[in-house]
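K.L.:
Here it is, the structure, as structure tokens.
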Amino acid sequence: MEIVLTAERTLMSNYHGALFLGFMGCAPKNLIPMPIFFRFLFPPVGMDKKGALVAPNGTRKIEAALIERGFETIVVPPEKIEKFAKKAKAVGITTNDPLGLGPASSTFSGKYGLVKEESYSAFCFKELLEKLKKVSEAKLVVGGAGAWQLADEKTMQELEIDVVVVGEGERTAVEIFEKILKGEDVRGVFYGDLVERIPVNRRATVGGIVEIARGCGRGCRFCQPTLQRLRSRPLEDIIEEVKVNAEVNRFATLHAEDVLRYKAKGLEVNKEEVLRLFSETSKICKVGISHFSLATVAKNEEVVSEISSILGIPSKDRPWLAGQTGIETASPSLIREHMPGKVLPFRAEEWSDVVEMSFGICADNHWVPCATLILGLPGEREEDVLKTVELVERLKNYKSLIVPLFFVPVGKMRTEKPFSSEDLKSYHWELLITCWKHDVRWIRVLANEYLAKMPIVSRFLLQKFIGWAIKEGEKRIEKMLKVRA
């Protein structure tokens with residue numbers, strides 16, 4: 001094959017069907033010995049004559065776009081890359097966090113993080129590049145959610161990367177591959193155009209991800225997807241991808257920045273289309289979700305309830321439905337400055353009440369929010385953080401996880417200074433500890449339920465790890481607090 005697609009090792013695993021385990025790729029790589037980590041928690045994907053059995057959704061989209069344009073291509077796991085890259089003219093790499101600068105990695109690992117150790121994802125990305133340098137002279141084309149970290153000439157030269165594609169690549173990346181195959185010397189950073197028609201994946205994705213919509217439109221200044229307008233995919237395309245995943249994964253994860261706004265009219269939920277989406281896809285296989293908005297939940301309790309009913313939640317096999325969501329802050333002033341669209345149709349001053357209302361609706365309907373907070377937003381004051389502490393304390397009785405993340409300058413805020421562990425003040429530590437207590441309260445319960453169907457050895461190791469992580473976290477927090485006392 002002249003075009004070979006792959007991804008770094010932390011993305012090329014199906015995590016035993018437990019998609020949220022993928023976030024452990026952002027952890028410092030001294031957390032668990034690598035042989036154990038990658039065998040029992042991040043097992044490698046299988047492969048047949050057509051290529052990898054599963055691959056990241058972004059990789060599959062580029063594969064589908066190339067196939068539509070008539071190019072032969074193959075997706076291979078990084079463990080097999082040497083064999084296929086030798087004769088390739090171009091190798092495309094998908095990466096979410098190549099330098100460990102994303103919000104999760106920069107909070108917990110790397111030069112900005114709480115533990116000054118390289119993340120698994122950053123290590124694996126560099127390891128993949130080293131493999132390719134030894135066996136191939138193919139042009140390296142890198143894209144994915146983390147491509148922005150590589151978008152400067154110095155970094156590209158140091159890593160010997162030829163092309164970086166930032167943004168949507170279904171059109172732009174395909175044109176680049178075409179030029180490379182024609183023998184053109186293509187180099188540099190390219191920014192992908194928004195595509196109206198998202199191609200249909202031919203093969204299964206990691207985590208059974210099926211994209212139902214792209215973009216958001218709420219306009220949070222720190223988040224690239226929310227700056228893009230919402231585009232929903234035709235139901236027939238979604239169903240086709242769900243069927244593909246049902247054959248391999250036996251499940252599908254419906255993915256959008258807010259799954260409740262599928263075919264929405266602005267911020268108004270299109271109830272008929274959303275319920276039709278869940279009804280039709282759940283006839284094919286078990287269906288989960290990736291993200292939802294707390295503001296949307298608060299305004300559409302009936303829709304949340306009907307989705308749970310359609311999916312048969314709760315049940316013995318599925319006690320709850322989990323999804324990512326963003327709280328970010330309880331500060332009305334920070335909301336007005338950086339994310340006024342996030343809380344609509346509510347006002348910034350109502351946000352704390354809206355969050356608690358949404359958590360209550362989720363609890364009543366057996367949804368589990370996995371929520372994020374942002375520490376160190378530009379203009380943040382002590383009183384802003386303390387308001388967020390108060391909000392987290394109000395949420396303690398709701399089954400959920402709340403993850404505080406350091407501010408990373410992306411989107412419209414890319415010229416701002418990143419927040420790091422050195423910037424933590426006493427009130428930040430109060431928030432971190434409050435979140436820690438909340439998560440310790442719920443993580444064992446959630447883990448036992450979430451991991452119930454994992455292989456027994458992997459489940460045992462992860463449960464032991466969670467117990468160890470809780471004890472180790474308490475030790476490290478105590479140590480850090482003593483140093484700062």
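Identifiers in the structure tokens: chain A, B, ... in order shown; residue index from 1 per chain; ligand index from 1 in order shown.
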Would you pick out the contacts of A:Asn448 at 12 Å or less, using only C-alpha atoms, so that residues sharing its chain but fewer than 2 positions from it are not included, and give the list as a PyMOL selection string?

P.N.:
chain A and resi 319+442-446+450-454+456+459-460+462-464+466-467

K.L.:
Please produce a file of the residues just selected, as a compact mmCIF listing (two decimals), in the first residue's frame, where the atoms kept are C-alpha atoms.

P.N.:
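Full text of out-v1.txt as output:
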# COMPACT_ATOMS: atom_id res chain seq x y z
CA PRO A 319 -27.04 0.08 35.84
CA TRP A 442 -17.93 7.34 44.08
CA ILE A 443 -15.02 5.80 42.15
CA ARG A 444 -15.04 2.35 43.77
CA VAL A 445 -18.79 2.03 43.24
CA LEU A 446 -18.56 3.13 39.63
CA TYR A 450 -18.26 -0.36 35.02
CA LEU A 451 -15.63 -3.08 34.99
CA ALA A 452 -17.95 -5.99 35.77
CA LYS A 453 -17.64 -7.52 32.30
CA MET A 454 -13.91 -7.03 31.82
CA ILE A 456 -11.04 -11.17 35.42
CA ARG A 459 -10.59 -6.23 36.35
CA PHE A 460 -8.58 -7.41 39.37
CA LEU A 462 -7.62 -2.22 37.74
CA GLN A 463 -9.46 -2.55 41.03
CA LYS A 464 -6.14 -3.03 42.83
CA ILE A 466 -7.76 2.11 42.01
CA GLY A 467 -7.19 1.17 45.64

K.L.:
Which is closest to A:Asp423 among A:Ile239, A:Cys220, A:Leu114, A:Val166, if we use only C-alpha atoms?

P.N.:
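Of all the options, A:Leu114 lies closest to A:Asp423.
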
K.L.:
Could you pull the residues within 12 Å of A:Ser279, counting only C-alpha atoms, minus those fewer than 2 positions along the same chain, as a PyMOL selection string?

P.N.:
chain A and resi 235+239+271-277+281-287+306-312

K.L.:
Dump C-alpha atoms for the selected residues as a tab-separated table (two decimals), in the first residue's frame?

P.N.:
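After the write, part14.tsv holds the following:
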chain	number	residue	atom	x	y	z
A	235	LEU	CA	-29.57	8.93	10.29
A	239	ILE	CA	-27.10	3.44	11.27
A	271	LYS	CA	-37.11	15.76	20.49
A	272	GLU	CA	-38.57	13.70	17.65
A	273	GLU	CA	-35.21	13.28	15.88
A	274	VAL	CA	-33.24	12.58	19.07
A	275	LEU	CA	-35.64	9.88	20.23
A	276	ARG	CA	-35.73	8.41	16.72
A	277	LEU	CA	-31.91	8.30	16.73
A	281	THR	CA	-29.73	2.57	16.77
A	282	SER	CA	-30.61	0.63	19.94
A	283	LYS	CA	-32.45	-1.92	17.80
A	284	ILE	CA	-29.07	-2.88	16.32
A	285	CYS	CA	-26.88	-3.19	19.41
A	286	LYS	CA	-26.22	-1.74	22.85
A	287	VAL	CA	-25.82	2.03	22.57
A	306	GLU	CA	-37.33	8.80	27.46
A	307	ILE	CA	-33.78	7.96	26.32
A	308	SER	CA	-33.22	5.94	29.49
A	309	SER	CA	-36.48	4.13	28.81
A	310	ILE	CA	-35.53	3.38	25.20
A	311	LEU	CA	-32.12	2.02	26.26
A	312	GLY	CA	-33.57	-0.03	29.12

K.L.:
Rounded to one decimal in Å, what is the spacing between atom CA of A:Ala55 and atom CA of A:Leu405?

P.N.:
26.9 Å

K.L.:
Tell me, in Å to one decimal, how far atom CA of A:Lys134 is from atom CA of A:Glu160.

P.N.:
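The value is 12.1 Å.
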
K.L.:
Between A:Glu117, A:Asp258, A:Glu168, A:Glu178, which has the minimum distance to A:Glu72 (counting only C-alpha atoms)?

P.N.:
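Closest residue, counting only C-alpha atoms: A:Glu178.
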
K.L.:
I need the residue nearest A:Asp193 from this list: A:Ser333, A:Gln228, A:Met47, A:Arg381. Use only C-alpha atoms for the distance.

P.N.:
A:Gln228

K.L.:
Among stretch 76-317 of chain A, which ones does DSSP place in alpha helix (DSSP H), written as a PyMOL selection string?

P.N.:
chain A and resi 81-85+103-108+120-135+153-159+172-181+235-248+271-282+294-299+301-311

K.L.:
For A:Glu240, list every protein, DNA or RNA residue within 12 Å, evaluated using only C-alpha atoms, and leave out those in the same chain fewer than 2 positions away; present the list as a list in words.

P.N.:
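The residues satisfying every condition are Pro199, Val200, Asn201, Arg202, Arg203, Ala204, Val210, Glu211, Ile212, Arg233, Pro234, Leu235, Glu236, Asp237, Ile238, Val242, Lys243, Val244, Asn245, Ala246, Glu247, Ala252, Glu280, Thr281 and Ile284 of chain A.
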
K.L.:
Counting only C-alpha atoms, figure out which residue out of A:Glu175, A:Glu328, A:Glu302, A:Glu350 gets nearest to A:Cys223.

P.N.:
A:Glu328

K.L.:
Can you pull out every residue from stretch 296-457 of chain A that DSSP, working from the backbone, puts in strand (DSSP E or B), and format the result as number ranges by chain?

P.N.:
A: 321-328, 367-375, 401-406

K.L.:
Which residues of stretch 134-165 of chain A come within 10 Å of stretch 7-21 of chain A, and what is each one's closest atom pair and distance in Å (one decimal), counting only C-alpha atoms, sorted by chain and residue number, as a tab-separated table?

P.N.:
residue	atom	partner	partner_atom	distance
A:Val142	CA	A:Ala7	CA	9.3
A:Gly143	CA	A:Ala7	CA	9.7
A:Gly144	CA	A:Ala7	CA	9.4

K.L.:
Give me, as number ranges by chain, all polymer residues having an atom no more than 10 Å from A:Gln324, counting only C-alpha atoms and skipping those fewer than 6 positions away in the same chain.

P.N.:
A: 20, 257-258, 289-294, 368-372, 401-402
